Amino acid sequence: MKDGLYGGAALVAAYLLFCLLRPLSGTLDPVVDVFTAAVLLFGAFRGEIPGAVFGAVCGLLVDAFSLGVFGLAGLSLTAGGYLAGTISRKINIQAFFRSLLFFLILSAGTFAAWTGLVALIGRSPMPWAGGWILARPAVTAVAAALLYDFVRRLKTRHDR
């Protein structure tokens, strides 16, 4: 129940941030993938099963926005949320640079899975956005690592 409430709040926050960033980006796709960052953070904080479910919901929401083949982002974000929950339980990602590397690897893996699925199944050409889309995993990882560190510090301050 608690995971569902946190997931709903995180989904609404990611959607609102997506709606705020979309007009600022103009014709380019936003360089920060808000939904990937939200899925990876949710998986890292809540675990593999809530991360996978949240990834599926966010992925289907992304697919609804893209008007492409339904399920491509859902599949890649489900795997990303599951892996974020599993790996964060196995290794210590408390240090900033360790969490940055963790989020960079998972963001790049999610991006690679999505681009591979789009190339394999998708009917429309890949939206390269002048090459800016290649910076998406790195920028998303930096944003996720900063948010992870911020939330972790807030939780430790609140628990005192």
# chains A, B, ... in the order shown; residues from 1 in each chain; ligands from 1

call {"tool": "residues_around", "arguments": {"residues": "stretch 56-69 of chain A", "least_positions_apart": "4", "cutoff": "7 Å", "atoms": "only C-alpha atoms", "output": "count of residues only"}}
result
8

call {"tool": "closest_residue", "arguments": {"among": "A:Ala138, A:Leu72, A:Leu17, A:Ala84", "to": "A:Leu100", "atoms": "only C-alpha atoms"}}
result
A:Ala138

call {"tool": "select_by_dssp", "arguments": {"residues": "stretch 84-151 of chain A", "states": "helix (DSSP H, G or I)", "output": "number ranges by chain"}}
result
A: 84-90, 96-121, 129-151

call {"tool": "residues_around", "arguments": {"residues": "stretch 102-110 of chain A", "least_positions_apart": "5", "cutoff": "8 Å", "atoms": "only C-alpha atoms", "output": "VMD selection string"}}
result
chain A and resid 36 to 37 40 76 to 77 79 to 80 83 to 84 93 137 to 138 140 to 142 144 to 145

call {"tool": "atom_distance", "arguments": {"atom1": "atom CA of A:Gly85", "atom2": "atom CA of A:Ala44"}}
result
4.8 Å

call {"tool": "closest_residue", "arguments": {"among": "A:Thr86, A:Ala143, A:Leu154, A:Tyr148", "to": "A:Val32", "atoms": "only C-alpha atoms"}}
result
A:Ala143

call {"tool": "residues_around", "arguments": {"residues": "A:Leu5", "least_positions_apart": "5", "cutoff": "12 Å", "atoms": "only C-alpha atoms", "output": "PyMOL selection string"}}
result
chain A and resi 10-12+42+46+50+54
